[in-house]
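Input: a single structure, listed below in structure tokens.
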Amino acid sequence: MSYLNLDTEYESGDVERLRKEVHEIAREELRPVGREIDRMSDDEYQRIAADDSPYWDVMRTLKSHGYHRAIIPEAVGGGGQFSGREFHVLLEELAWGDPGLAMAFGVDLIPAIFASLPFQNGLDETYLQPYLEDEDAAVQGCWGVTEPDHGSELVMPNSLLSEGVTDGGSIARTQARAEQDGDTWILNGEKARWLSAGPMATHCALHVNMDPDGGSPGLLCLVELDQPGVEQGDPIGKLGQRGCPQGNLVFDDVEIPPENVILTPEMLHPDTGYVSMDQILCITSAGMAAACTGLARAAFEEALAYARERAQGGKPICEHQSVKLQLYELFETVETMRTYSRAVVEHVWERNLETFEFDASSQHALAAQVYCKRAAFEVANTAVQIHGGNGITHDYLVEKLFRDARVKLIEDGTTEVLSLEAAEDVVENYEIE
Ligand SMILES: Cc1cc2nc3c(=O)[nH]c(=O)nc-3n(C[C@H](O)[C@H](O)[C@H](O)COP(=O)(O)OP(=O)(O)OC[C@H]3O[C@@H](n4cnc5c(N)ncnc54)[C@H](O)[C@@H]3O)c2cc1C
């Protein structure tokens, strides 16, 4: 058996049907297109956002299946079919196919998730309905948090607060700032060149002017990127996850109408706000953990297939005890990753995307992200080792998966910084019965 269903919900049908459907798309489209994009020359990669790019073929397939709709509640016109379990299945399978393309699809969802929050209805006609109806990948979202001079500090508000960062500190002087002009906000400044899908995005869920010192923690707004004053950077050349091109955004007197403000400073306030930054990070942490599981499973399966074929000393290398043990450990790690990340995805889904209570356990969500990122890197590393010399060549998928896994240790917050943030929560809030 290649995929053990550890509970009956899988066997009940719908979830397993979804898994098989997404797996087929991952195998037939994401994996070959992900490899094609990975091998593009620098010149070709600069054209990755062009209309004829294979990137769009994948996004069109995913949208034509309505996966972007299925995660949005029915109440706001979405399909609402997915449970947390199905969301996990979707992300694991897509990342099994290609970790970069899976992330590009993941960030596409972020502005739509925000725009569909129950207290936000100003974007229904201008953004949300066209997004939900889109089957041609005409709409692509991205998420703008980090800045050239503000990386880790924008994803670790709690641990910085405990270090006594004051409003005179550099965080208060973020590079992207929104100033109110009547009802409208005027946006100026820059977001980092790390924005996933930044070069091809049509919309950005943008955090501006964050100040975790207890003053204004900032504003979260939807920015349409095809308007005057917005400059989208070219895709950066990079080590891995090339299926998810990254680039900066620069804003020069860009107008944000009041209906595009999703979370006001009051709503985002760490003490009094309805949605704190750490609850937003719970959603992305859960998704990242599921995606890392898919990456690790792909690397494990590549290593297993290779070890069954490759013979040394008169027998397949999988029959040598040390290799057999390595394969078992990869299997054990992937199964543990799935069990933990699935539990966290279901928990966060229920607290933050179903009941909208925004009280998910941050320590568990961050731990899932950190554990799964590290585990994916270790699994990919061992999978390369099992391939011997072949493992470092472009001919074998594990070489690419290893680079993809390396990138994950930094994406959405470095493992060190996310661990510090989780540690803060554990020390402060873990209840000993
Ligand atoms: C693949 C990928 C995708 C990404 N996608 C997005 C995206 O879609 N949107 C977006 O906004 N950003 C995105 N990012 C940016 C990402 O969140 C940042 O790269 C990350 O948070 C680290 O910031 P930095 O690169 O500026 O590094 P820095 O913050 O400069 O950190 C450098 C080093 O210092 C350490 N460090 C920093 N501060 C501390 C501290 N207080 N205590 C201890 N150690 C510290 C870090 O761990 C790191 O090792 C992405 C990055 C990658 C690699």
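Labeling convention for the structure tokens: chains A, B, ... as they appear, residues from 1 per chain, ligands from 1 in order of appearance.
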Could you list, as a tab-separated table (two decimals) with N, CA and C atoms, in the first residue's frame, all the residues within 8 Å of ligand 1, counting only C-alpha atoms and all ligand atoms?
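Result file is result-v4.tsv:
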```
chain	number	residue	atom	x	y	z
A	107	VAL	N	-0.30	31.54	-2.57
A	107	VAL	CA	-0.38	33.00	-2.34
A	107	VAL	C	-1.52	33.62	-3.13
A	142	CYS	N	-1.03	38.03	-4.65
A	142	CYS	CA	0.24	37.88	-3.92
A	142	CYS	C	0.06	38.51	-2.54
A	143	TRP	N	1.08	38.35	-1.69
A	143	TRP	CA	0.97	38.79	-0.29
A	143	TRP	C	2.19	39.63	0.04
A	144	GLY	N	1.98	40.89	0.39
A	144	GLY	CA	3.10	41.79	0.63
A	144	GLY	C	3.29	42.11	2.10
A	145	VAL	N	4.26	41.47	2.71
A	145	VAL	CA	4.55	41.73	4.13
A	145	VAL	C	5.94	42.33	4.26
A	146	THR	N	6.96	41.60	3.81
A	146	THR	CA	8.34	42.00	4.10
A	146	THR	C	8.82	43.11	3.16
A	147	GLU	N	9.89	43.78	3.60
A	147	GLU	CA	10.42	44.93	2.88
A	147	GLU	C	11.93	44.79	2.77
A	148	PRO	N	12.56	45.57	1.87
A	148	PRO	CA	14.02	45.45	1.73
A	148	PRO	C	14.76	45.59	3.07
A	149	ASP	N	14.34	46.55	3.90
A	149	ASP	CA	15.04	46.77	5.18
A	149	ASP	C	14.30	46.16	6.37
A	150	HIS	N	13.22	45.48	6.12
A	150	HIS	CA	12.41	44.91	7.21
A	150	HIS	C	11.96	43.51	6.82
A	151	GLY	N	12.76	42.52	7.20
A	151	GLY	CA	12.43	41.13	6.87
A	151	GLY	C	11.83	40.43	8.07
A	152	SER	N	12.72	39.75	8.83
A	152	SER	CA	12.27	38.97	9.98
A	152	SER	C	11.40	39.78	10.94
A	153	GLU	N	11.76	41.06	11.11
A	153	GLU	CA	11.06	41.83	12.16
A	153	GLU	C	9.58	42.01	11.86
A	154	LEU	N	9.17	41.83	10.61
A	154	LEU	CA	7.74	41.95	10.32
A	154	LEU	C	7.00	40.64	10.49
A	155	VAL	N	7.73	39.55	10.75
A	155	VAL	CA	7.02	38.28	10.99
A	155	VAL	C	7.21	37.79	12.43
A	156	MET	N	7.78	38.61	13.30
A	156	MET	CA	7.97	38.15	14.69
A	156	MET	C	7.53	39.23	15.69
A	159	SER	N	7.85	38.20	19.78
A	159	SER	CA	9.15	38.09	20.42
A	159	SER	C	9.87	39.43	20.43
A	160	LEU	N	9.63	40.28	19.41
A	160	LEU	CA	10.26	41.60	19.44
A	160	LEU	C	9.65	42.46	20.53
A	191	LYS	N	7.95	47.07	-1.20
A	191	LYS	CA	7.94	45.75	-0.56
A	191	LYS	C	9.08	44.91	-1.15
A	192	ALA	N	9.52	43.94	-0.38
A	192	ALA	CA	10.74	43.19	-0.72
A	192	ALA	C	10.63	42.44	-2.04
A	193	ARG	N	11.78	42.13	-2.60
A	193	ARG	CA	11.78	41.36	-3.85
A	193	ARG	C	11.48	39.89	-3.62
A	194	TRP	N	11.13	39.57	-2.39
A	194	TRP	CA	10.78	38.17	-2.08
A	194	TRP	C	9.31	37.87	-2.27
A	195	LEU	N	8.52	38.84	-2.72
A	195	LEU	CA	7.08	38.59	-2.82
A	195	LEU	C	6.79	37.47	-3.82
A	196	SER	N	6.22	36.38	-3.30
A	196	SER	CA	5.91	35.23	-4.15
A	196	SER	C	4.83	35.62	-5.16
A	197	ALA	N	5.07	35.30	-6.41
A	197	ALA	CA	4.18	35.64	-7.53
A	197	ALA	C	4.08	37.15	-7.74
A	198	GLY	N	4.97	37.92	-7.11
A	198	GLY	CA	4.96	39.38	-7.27
A	198	GLY	C	5.04	39.83	-8.73
A	240	GLY	N	15.95	27.83	-5.64
A	240	GLY	CA	14.92	26.79	-5.74
A	240	GLY	C	13.54	27.39	-5.81
A	241	GLN	N	12.53	26.50	-5.85
A	241	GLN	CA	11.13	26.93	-5.98
A	241	GLN	C	10.98	27.96	-7.10
A	244	CYS	N	7.67	29.36	-8.44
A	244	CYS	CA	7.00	30.49	-7.80
A	244	CYS	C	7.90	31.72	-7.94
A	246	GLN	N	9.52	35.38	-7.88
A	246	GLN	CA	9.43	36.41	-6.83
A	246	GLN	C	9.96	37.74	-7.35
A	407	VAL	N	15.15	26.37	0.22
A	407	VAL	CA	14.47	27.67	0.15
A	407	VAL	C	13.39	27.77	1.24
A	408	LYS	N	12.76	26.65	1.53
A	408	LYS	CA	11.66	26.66	2.51
A	408	LYS	C	12.13	27.07	3.91
A	409	LEU	N	13.40	26.86	4.22
A	409	LEU	CA	13.89	27.21	5.56
A	409	LEU	C	13.89	28.72	5.80
A	410	ILE	N	13.66	29.50	4.72
A	410	ILE	CA	13.66	30.97	4.83
A	410	ILE	C	12.27	31.55	4.53
A	411	GLU	N	11.57	30.91	3.62
A	411	GLU	CA	10.26	31.40	3.15
A	411	GLU	C	9.28	31.64	4.32
A	412	ASP	N	8.56	32.75	4.25
A	412	ASP	CA	7.55	33.07	5.27
A	412	ASP	C	8.11	33.14	6.69
A	413	GLY	N	9.36	33.51	6.81
A	413	GLY	CA	10.01	33.56	8.12
A	413	GLY	C	11.03	32.45	8.25
A	414	THR	N	12.25	32.79	8.70
A	414	THR	CA	13.27	31.74	8.85
A	414	THR	C	12.86	30.80	9.99
A	415	THR	N	13.36	29.58	9.94
A	415	THR	CA	12.98	28.62	11.00
A	415	THR	C	13.43	29.14	12.36
A	416	GLU	N	14.54	29.86	12.39
A	416	GLU	CA	15.02	30.38	13.68
A	416	GLU	C	14.04	31.41	14.25
A	417	VAL	N	13.66	32.35	13.40
A	417	VAL	CA	12.78	33.42	13.86
A	417	VAL	C	11.39	32.89	14.22
A	420	LEU	N	11.64	31.27	17.55
A	420	LEU	CA	11.67	32.27	18.64
A	420	LEU	C	10.26	32.76	18.94
```
Neighbour list for Trp349 in chain A as an mmCIF file with all heavy atoms, in the first residue's frame, cut-off 12 Å, only C-alpha atoms, skip fewer than 3 positions in-chain:
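result.cif written:
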```cif
data_model
loop_
_atom_site.group_PDB
_atom_site.id
_atom_site.type_symbol
_atom_site.label_atom_id
_atom_site.label_comp_id
_atom_site.auth_asym_id
_atom_site.auth_seq_id
_atom_site.Cartn_x
_atom_site.Cartn_y
_atom_site.Cartn_z
ATOM 1 N N ILE A 71 -12.327 26.828 -1.471
ATOM 2 C CA ILE A 71 -11.896 27.183 -0.110
ATOM 3 C C ILE A 71 -12.668 28.390 0.436
ATOM 4 O O ILE A 71 -12.593 28.695 1.613
ATOM 5 C CB ILE A 71 -10.387 27.502 -0.032
ATOM 6 C CG1 ILE A 71 -10.053 28.681 -0.923
ATOM 7 C CG2 ILE A 71 -9.535 26.307 -0.338
ATOM 8 C CD1 ILE A 71 -8.948 29.492 -0.324
ATOM 9 N N ILE A 72 -13.385 29.102 -0.433
ATOM 10 C CA ILE A 72 -14.090 30.320 0.006
ATOM 11 C C ILE A 72 -15.519 29.950 0.431
ATOM 12 O O ILE A 72 -16.198 29.200 -0.278
ATOM 13 C CB ILE A 72 -14.129 31.366 -1.143
ATOM 14 C CG1 ILE A 72 -12.691 31.699 -1.597
ATOM 15 C CG2 ILE A 72 -14.881 32.625 -0.725
ATOM 16 C CD1 ILE A 72 -11.818 32.385 -0.582
ATOM 17 N N PRO A 73 -15.998 30.473 1.589
ATOM 18 C CA PRO A 73 -17.332 30.088 2.085
ATOM 19 C C PRO A 73 -18.446 30.367 1.080
ATOM 20 O O PRO A 73 -18.387 31.352 0.330
ATOM 21 C CB PRO A 73 -17.512 30.976 3.320
ATOM 22 C CG PRO A 73 -16.162 31.463 3.687
ATOM 23 C CD PRO A 73 -15.321 31.439 2.458
ATOM 24 N N PHE A 82 -14.697 22.753 0.599
ATOM 25 C CA PHE A 82 -13.549 22.158 1.280
ATOM 26 C C PHE A 82 -13.652 22.246 2.796
ATOM 27 O O PHE A 82 -14.043 23.261 3.363
ATOM 28 C CB PHE A 82 -12.252 22.832 0.847
ATOM 29 C CG PHE A 82 -11.722 22.341 -0.467
ATOM 30 C CD1 PHE A 82 -12.401 21.379 -1.217
ATOM 31 C CD2 PHE A 82 -10.522 22.822 -0.969
ATOM 32 C CE1 PHE A 82 -11.918 20.928 -2.430
ATOM 33 C CE2 PHE A 82 -10.016 22.370 -2.182
ATOM 34 C CZ PHE A 82 -10.727 21.432 -2.911
ATOM 35 N N SER A 83 -13.257 21.161 3.438
ATOM 36 C CA SER A 83 -12.997 21.152 4.872
ATOM 37 C C SER A 83 -11.498 21.392 5.040
ATOM 38 O O SER A 83 -10.743 21.406 4.050
ATOM 39 C CB SER A 83 -13.364 19.787 5.445
ATOM 40 O OG SER A 83 -12.565 18.790 4.811
ATOM 41 N N GLY A 84 -11.075 21.536 6.288
ATOM 42 C CA GLY A 84 -9.638 21.658 6.531
ATOM 43 C C GLY A 84 -8.891 20.442 5.991
ATOM 44 O O GLY A 84 -7.784 20.551 5.461
ATOM 45 N N ARG A 85 -9.504 19.269 6.132
ATOM 46 C CA ARG A 85 -8.879 18.036 5.645
ATOM 47 C C ARG A 85 -8.621 18.110 4.130
ATOM 48 O O ARG A 85 -7.557 17.763 3.632
ATOM 49 C CB ARG A 85 -9.802 16.855 5.960
ATOM 50 C CG ARG A 85 -9.329 15.493 5.460
ATOM 51 C CD ARG A 85 -8.089 15.037 6.171
ATOM 52 N NE ARG A 85 -8.231 15.098 7.606
ATOM 53 C CZ ARG A 85 -8.609 14.066 8.358
ATOM 54 N NH1 ARG A 85 -8.847 12.911 7.819
ATOM 55 N NH2 ARG A 85 -8.705 14.212 9.661
ATOM 56 N N GLU A 86 -9.618 18.608 3.417
ATOM 57 C CA GLU A 86 -9.465 18.679 1.958
ATOM 58 C C GLU A 86 -8.431 19.739 1.556
ATOM 59 O O GLU A 86 -7.701 19.561 0.586
ATOM 60 C CB GLU A 86 -10.832 18.948 1.311
ATOM 61 C CG GLU A 86 -11.665 17.678 1.315
ATOM 62 C CD GLU A 86 -13.147 17.942 1.199
ATOM 63 O OE1 GLU A 86 -13.645 18.866 1.880
ATOM 64 O OE2 GLU A 86 -13.804 17.206 0.455
ATOM 65 N N PHE A 87 -8.383 20.816 2.324
ATOM 66 C CA PHE A 87 -7.385 21.845 2.053
ATOM 67 C C PHE A 87 -5.980 21.249 2.230
ATOM 68 O O PHE A 87 -5.072 21.505 1.439
ATOM 69 C CB PHE A 87 -7.604 23.023 3.006
ATOM 70 C CG PHE A 87 -6.772 24.237 2.691
ATOM 71 C CD1 PHE A 87 -6.724 24.760 1.413
ATOM 72 C CD2 PHE A 87 -6.034 24.876 3.696
ATOM 73 C CE1 PHE A 87 -5.956 25.886 1.122
ATOM 74 C CE2 PHE A 87 -5.274 26.000 3.409
ATOM 75 C CZ PHE A 87 -5.228 26.501 2.131
ATOM 76 N N HIS A 88 -5.814 20.434 3.257
ATOM 77 C CA HIS A 88 -4.522 19.799 3.487
ATOM 78 C C HIS A 88 -4.153 18.876 2.325
ATOM 79 O O HIS A 88 -3.029 18.885 1.814
ATOM 80 C CB HIS A 88 -4.540 19.011 4.808
ATOM 81 C CG HIS A 88 -3.207 18.439 5.171
ATOM 82 N ND1 HIS A 88 -2.722 17.275 4.614
ATOM 83 C CD2 HIS A 88 -2.241 18.886 6.018
ATOM 84 C CE1 HIS A 88 -1.520 17.034 5.113
ATOM 85 N NE2 HIS A 88 -1.204 17.996 5.971
ATOM 86 N N ILE A 113 -8.890 35.039 0.566
ATOM 87 C CA ILE A 113 -9.265 34.640 1.927
ATOM 88 C C ILE A 113 -9.572 35.888 2.761
ATOM 89 O O ILE A 113 -10.584 35.972 3.446
ATOM 90 C CB ILE A 113 -8.150 33.790 2.584
ATOM 91 C CG1 ILE A 113 -8.099 32.406 1.916
ATOM 92 C CG2 ILE A 113 -8.371 33.648 4.090
ATOM 93 C CD1 ILE A 113 -6.960 31.525 2.390
ATOM 94 N N GLN A 279 -2.339 35.477 14.273
ATOM 95 C CA GLN A 279 -3.418 34.619 13.771
ATOM 96 C C GLN A 279 -3.364 34.494 12.246
ATOM 97 O O GLN A 279 -3.702 33.457 11.683
ATOM 98 C CB GLN A 279 -4.783 35.152 14.231
ATOM 99 C CG GLN A 279 -5.029 34.943 15.716
ATOM 100 C CD GLN A 279 -4.984 33.468 16.114
ATOM 101 O OE1 GLN A 279 -5.537 32.613 15.430
ATOM 102 N NE2 GLN A 279 -4.287 33.153 17.196
ATOM 103 N N ILE A 280 -2.931 35.564 11.591
ATOM 104 C CA ILE A 280 -2.730 35.474 10.136
ATOM 105 C C ILE A 280 -1.608 34.481 9.854
ATOM 106 O O ILE A 280 -1.698 33.633 8.961
ATOM 107 C CB ILE A 280 -2.408 36.872 9.547
ATOM 108 C CG1 ILE A 280 -3.644 37.780 9.702
ATOM 109 C CG2 ILE A 280 -1.990 36.774 8.086
ATOM 110 C CD1 ILE A 280 -3.422 39.216 9.310
ATOM 111 N N CYS A 282 -0.842 31.978 11.603
ATOM 112 C CA CYS A 282 -1.334 30.608 11.841
ATOM 113 C C CYS A 282 -1.819 29.992 10.527
ATOM 114 O O CYS A 282 -1.590 28.804 10.246
ATOM 115 C CB CYS A 282 -2.493 30.598 12.837
ATOM 116 S SG CYS A 282 -1.976 30.783 14.547
ATOM 117 N N ILE A 283 -2.517 30.816 9.723
ATOM 118 C CA ILE A 283 -3.065 30.300 8.449
ATOM 119 C C ILE A 283 -1.918 29.925 7.515
ATOM 120 O O ILE A 283 -1.890 28.827 6.943
ATOM 121 C CB ILE A 283 -3.993 31.351 7.792
ATOM 122 C CG1 ILE A 283 -5.147 31.705 8.739
ATOM 123 C CG2 ILE A 283 -4.513 30.845 6.456
ATOM 124 C CD1 ILE A 283 -6.023 32.865 8.269
ATOM 125 N N THR A 284 -0.945 30.827 7.370
ATOM 126 C CA THR A 284 0.148 30.530 6.445
ATOM 127 C C THR A 284 1.045 29.413 6.988
ATOM 128 O O THR A 284 1.564 28.602 6.228
ATOM 129 C CB THR A 284 0.972 31.799 6.138
ATOM 130 O OG1 THR A 284 1.377 32.402 7.375
ATOM 131 C CG2 THR A 284 0.163 32.798 5.350
ATOM 132 N N SER A 285 1.197 29.347 8.312
ATOM 133 C CA SER A 285 2.029 28.272 8.896
ATOM 134 C C SER A 285 1.426 26.906 8.612
ATOM 135 O O SER A 285 2.135 25.955 8.265
ATOM 136 C CB SER A 285 2.145 28.442 10.413
ATOM 137 O OG SER A 285 2.947 29.531 10.720
ATOM 138 N N ALA A 286 0.093 26.816 8.777
ATOM 139 C CA ALA A 286 -0.573 25.540 8.546
ATOM 140 C C ALA A 286 -0.399 25.108 7.086
ATOM 141 O O ALA A 286 -0.070 23.951 6.789
ATOM 142 C CB ALA A 286 -2.053 25.665 8.904
ATOM 143 N N GLY A 287 -0.596 26.059 6.179
ATOM 144 C CA GLY A 287 -0.445 25.745 4.755
ATOM 145 C C GLY A 287 0.973 25.333 4.416
ATOM 146 O O GLY A 287 1.217 24.390 3.650
ATOM 147 N N SER A 341 0.785 18.019 10.643
ATOM 148 C CA SER A 341 0.356 19.169 9.833
ATOM 149 C C SER A 341 -1.140 19.097 9.553
ATOM 150 O O SER A 341 -1.829 20.113 9.534
ATOM 151 C CB SER A 341 1.152 19.265 8.532
ATOM 152 O OG SER A 341 0.955 18.133 7.730
ATOM 153 N N ARG A 342 -1.667 17.897 9.379
ATOM 154 C CA ARG A 342 -3.104 17.750 9.129
ATOM 155 C C ARG A 342 -3.909 18.220 10.351
ATOM 156 O O ARG A 342 -4.897 18.948 10.218
ATOM 157 C CB ARG A 342 -3.424 16.292 8.830
ATOM 158 C CG ARG A 342 -4.879 16.031 8.519
ATOM 159 C CD ARG A 342 -5.199 14.571 8.639
ATOM 160 N NE ARG A 342 -4.581 13.765 7.606
ATOM 161 C CZ ARG A 342 -4.482 12.437 7.676
ATOM 162 N NH1 ARG A 342 -4.923 11.784 8.737
ATOM 163 N NH2 ARG A 342 -3.937 11.765 6.696
ATOM 164 N N ALA A 343 -3.456 17.819 11.531
ATOM 165 C CA ALA A 343 -4.169 18.234 12.750
ATOM 166 C C ALA A 343 -4.166 19.758 12.873
ATOM 167 O O ALA A 343 -5.177 20.377 13.227
ATOM 168 C CB ALA A 343 -3.516 17.588 13.979
ATOM 169 N N VAL A 344 -3.022 20.362 12.567
ATOM 170 C CA VAL A 344 -2.925 21.825 12.696
ATOM 171 C C VAL A 344 -3.748 22.524 11.616
ATOM 172 O O VAL A 344 -4.444 23.512 11.890
ATOM 173 C CB VAL A 344 -1.437 22.263 12.673
ATOM 174 C CG1 VAL A 344 -1.312 23.758 12.439
ATOM 175 C CG2 VAL A 344 -0.764 21.883 13.990
ATOM 176 N N VAL A 345 -3.710 22.024 10.388
ATOM 177 C CA VAL A 345 -4.522 22.640 9.328
ATOM 178 C C VAL A 345 -5.999 22.576 9.719
ATOM 179 O O VAL A 345 -6.726 23.571 9.611
ATOM 180 C CB VAL A 345 -4.295 21.943 7.965
ATOM 181 C CG1 VAL A 345 -5.366 22.370 6.955
ATOM 182 C CG2 VAL A 345 -2.914 22.281 7.414
ATOM 183 N N GLU A 346 -6.440 21.433 10.213
ATOM 184 C CA GLU A 346 -7.862 21.310 10.571
ATOM 185 C C GLU A 346 -8.227 22.259 11.710
ATOM 186 O O GLU A 346 -9.292 22.869 11.707
ATOM 187 C CB GLU A 346 -8.192 19.863 10.940
ATOM 188 C CG GLU A 346 -8.177 18.975 9.714
ATOM 189 C CD GLU A 346 -8.637 17.563 10.002
ATOM 190 O OE1 GLU A 346 -8.117 16.946 10.943
ATOM 191 O OE2 GLU A 346 -9.508 17.076 9.283
ATOM 192 N N ASN A 352 -10.100 29.828 12.404
ATOM 193 C CA ASN A 352 -9.874 31.100 11.705
ATOM 194 C C ASN A 352 -10.606 31.228 10.376
ATOM 195 O O ASN A 352 -10.786 32.341 9.888
ATOM 196 C CB ASN A 352 -8.369 31.313 11.462
ATOM 197 C CG ASN A 352 -7.630 31.563 12.761
ATOM 198 O OD1 ASN A 352 -8.223 31.461 13.843
ATOM 199 N ND2 ASN A 352 -6.360 31.888 12.674
ATOM 200 N N LEU A 353 -11.022 30.106 9.779
ATOM 201 C CA LEU A 353 -11.653 30.217 8.455
ATOM 202 C C LEU A 353 -13.071 29.648 8.416
ATOM 203 O O LEU A 353 -13.732 29.731 7.384
ATOM 204 C CB LEU A 353 -10.777 29.532 7.390
ATOM 205 C CG LEU A 353 -9.387 30.150 7.202
ATOM 206 C CD1 LEU A 353 -8.521 29.326 6.263
ATOM 207 C CD2 LEU A 353 -9.500 31.581 6.670
ATOM 208 N N GLU A 354 -13.511 29.056 9.515
ATOM 209 C CA GLU A 354 -14.865 28.521 9.536
ATOM 210 C C GLU A 354 -15.718 29.270 10.573
ATOM 211 O O GLU A 354 -16.768 29.792 10.268
ATOM 212 C CB GLU A 354 -14.832 27.033 9.888
ATOM 213 C CG GLU A 354 -15.662 26.167 8.950
ATOM 214 C CD GLU A 354 -15.315 24.700 9.151
ATOM 215 O OE1 GLU A 354 -15.309 24.239 10.310
ATOM 216 O OE2 GLU A 354 -15.028 24.020 8.153
ATOM 217 N N THR A 355 -15.197 29.337 11.805
ATOM 218 C CA THR A 355 -15.952 30.052 12.847
ATOM 219 C C THR A 355 -15.490 31.508 12.965
ATOM 220 O O THR A 355 -16.143 32.302 13.637
ATOM 221 C CB THR A 355 -15.776 29.379 14.222
ATOM 222 O OG1 THR A 355 -14.376 29.399 14.545
ATOM 223 C CG2 THR A 355 -16.251 27.939 14.192
ATOM 224 N N PHE A 356 -14.379 31.838 12.333
ATOM 225 C CA PHE A 356 -13.815 33.195 12.351
ATOM 226 C C PHE A 356 -13.604 33.717 13.775
ATOM 227 O O PHE A 356 -13.812 34.889 14.069
ATOM 228 C CB PHE A 356 -14.704 34.166 11.544
ATOM 229 C CG PHE A 356 -14.891 33.746 10.121
ATOM 230 C CD1 PHE A 356 -16.113 33.261 9.685
ATOM 231 C CD2 PHE A 356 -13.844 33.801 9.209
ATOM 232 C CE1 PHE A 356 -16.299 32.851 8.378
ATOM 233 C CE2 PHE A 356 -14.007 33.389 7.896
ATOM 234 C CZ PHE A 356 -15.244 32.920 7.485
ATOM 235 N N GLU A 357 -13.202 32.841 14.665
ATOM 236 C CA GLU A 357 -12.921 33.259 16.040
ATOM 237 C C GLU A 357 -11.510 33.842 16.166
ATOM 238 O O GLU A 357 -11.186 34.542 17.107
ATOM 239 C CB GLU A 357 -13.062 32.075 17.009
ATOM 240 C CG GLU A 357 -14.484 31.571 17.159
ATOM 241 C CD GLU A 357 -15.399 32.594 17.829
ATOM 242 O OE1 GLU A 357 -14.896 33.418 18.599
ATOM 243 O OE2 GLU A 357 -16.606 32.568 17.546
ATOM 244 N N PHE A 358 -10.641 33.494 15.255
ATOM 245 C CA PHE A 358 -9.249 33.954 15.262
ATOM 246 C C PHE A 358 -8.567 33.730 16.611
ATOM 247 O O PHE A 358 -7.973 34.634 17.190
ATOM 248 C CB PHE A 358 -9.150 35.424 14.812
ATOM 249 C CG PHE A 358 -9.442 35.569 13.355
ATOM 250 C CD1 PHE A 358 -10.697 35.946 12.911
ATOM 251 C CD2 PHE A 358 -8.483 35.246 12.406
ATOM 252 C CE1 PHE A 358 -10.986 36.021 11.562
ATOM 253 C CE2 PHE A 358 -8.762 35.324 11.056
ATOM 254 C CZ PHE A 358 -10.014 35.716 10.639
ATOM 255 N N ASP A 359 -8.704 32.498 17.102
ATOM 256 C CA ASP A 359 -8.042 32.146 18.353
ATOM 257 C C ASP A 359 -7.310 30.798 18.219
ATOM 258 O O ASP A 359 -7.265 30.010 19.150
ATOM 259 C CB ASP A 359 -9.057 32.103 19.505
ATOM 260 C CG ASP A 359 -10.164 31.073 19.258
ATOM 261 O OD1 ASP A 359 -10.181 30.460 18.174
ATOM 262 O OD2 ASP A 359 -11.008 30.888 20.147
ATOM 263 N N ALA A 360 -6.778 30.557 17.022
ATOM 264 C CA ALA A 360 -6.019 29.313 16.809
ATOM 265 C C ALA A 360 -4.773 29.309 17.699
ATOM 266 O O ALA A 360 -4.303 30.364 18.124
ATOM 267 C CB ALA A 360 -5.620 29.193 15.349
ATOM 268 N N SER A 361 -4.264 28.118 17.968
ATOM 269 C CA SER A 361 -3.074 28.013 18.806
ATOM 270 C C SER A 361 -1.829 28.339 17.975
ATOM 271 O O SER A 361 -1.396 27.561 17.137
ATOM 272 C CB SER A 361 -2.950 26.596 19.376
ATOM 273 O OG SER A 361 -1.666 26.460 19.948
ATOM 274 N N ALA A 365 0.687 26.015 15.532
ATOM 275 C CA ALA A 365 0.807 26.307 14.100
ATOM 276 C C ALA A 365 2.258 26.592 13.727
ATOM 277 O O ALA A 365 2.779 26.081 12.726
ATOM 278 C CB ALA A 365 -0.087 27.490 13.744
#
```
(request) Find, counting only C-alpha atoms, the residue in A:Glu431, A:Glu350, A:Asp134, A:Asp234 that gets nearest to Ala50 in chain A. (result)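 Looking only at the distances to Ala50 in chain A, the closest residue turns out to be A:Asp234.
Those residues that approach Glu36 in chain A to within 10 Å, counting only C-alpha atoms, are Leu30, Arg31, Pro32, Val33, Gly34, Asp38, Arg39, Met40, Pro54, Tyr55, Arg242 and Gly243 of chain A; same-chain residues fewer than 2 positions away are not listed.
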(request) List every residue of range 10-116 of chain A that DSSP, applied to the backbone, labels as alpha helix (DSSP H), and write the result as a ChimeraX atom specification. (result) /A:10-11,14-25,31-38,42-46,54-64,67-70,84-97,99-115
(request) Write down as a ChimeraX atom specification the residues of range 306-371 of chain A whose backbone DSSP state falls under strand (DSSP E). (result) /A:311-312,315-316
(request) Tell me, as a PyMOL selection string, which residues lie within 12 Å of range 392-396 of chain A, counting only C-alpha atoms; anything in the same chain fewer than 5 positions away does not count. (result) chain A and resi 35-36+38-39+299+302-303+305-306+380-387+401-403
(request) Tell me, as a PyMOL selection string, which residues lie within 8 Å of Ala26 in chain A, counting only C-alpha atoms; anything in the same chain fewer than 6 positions away does not count. (result) chain A and resi 93-98
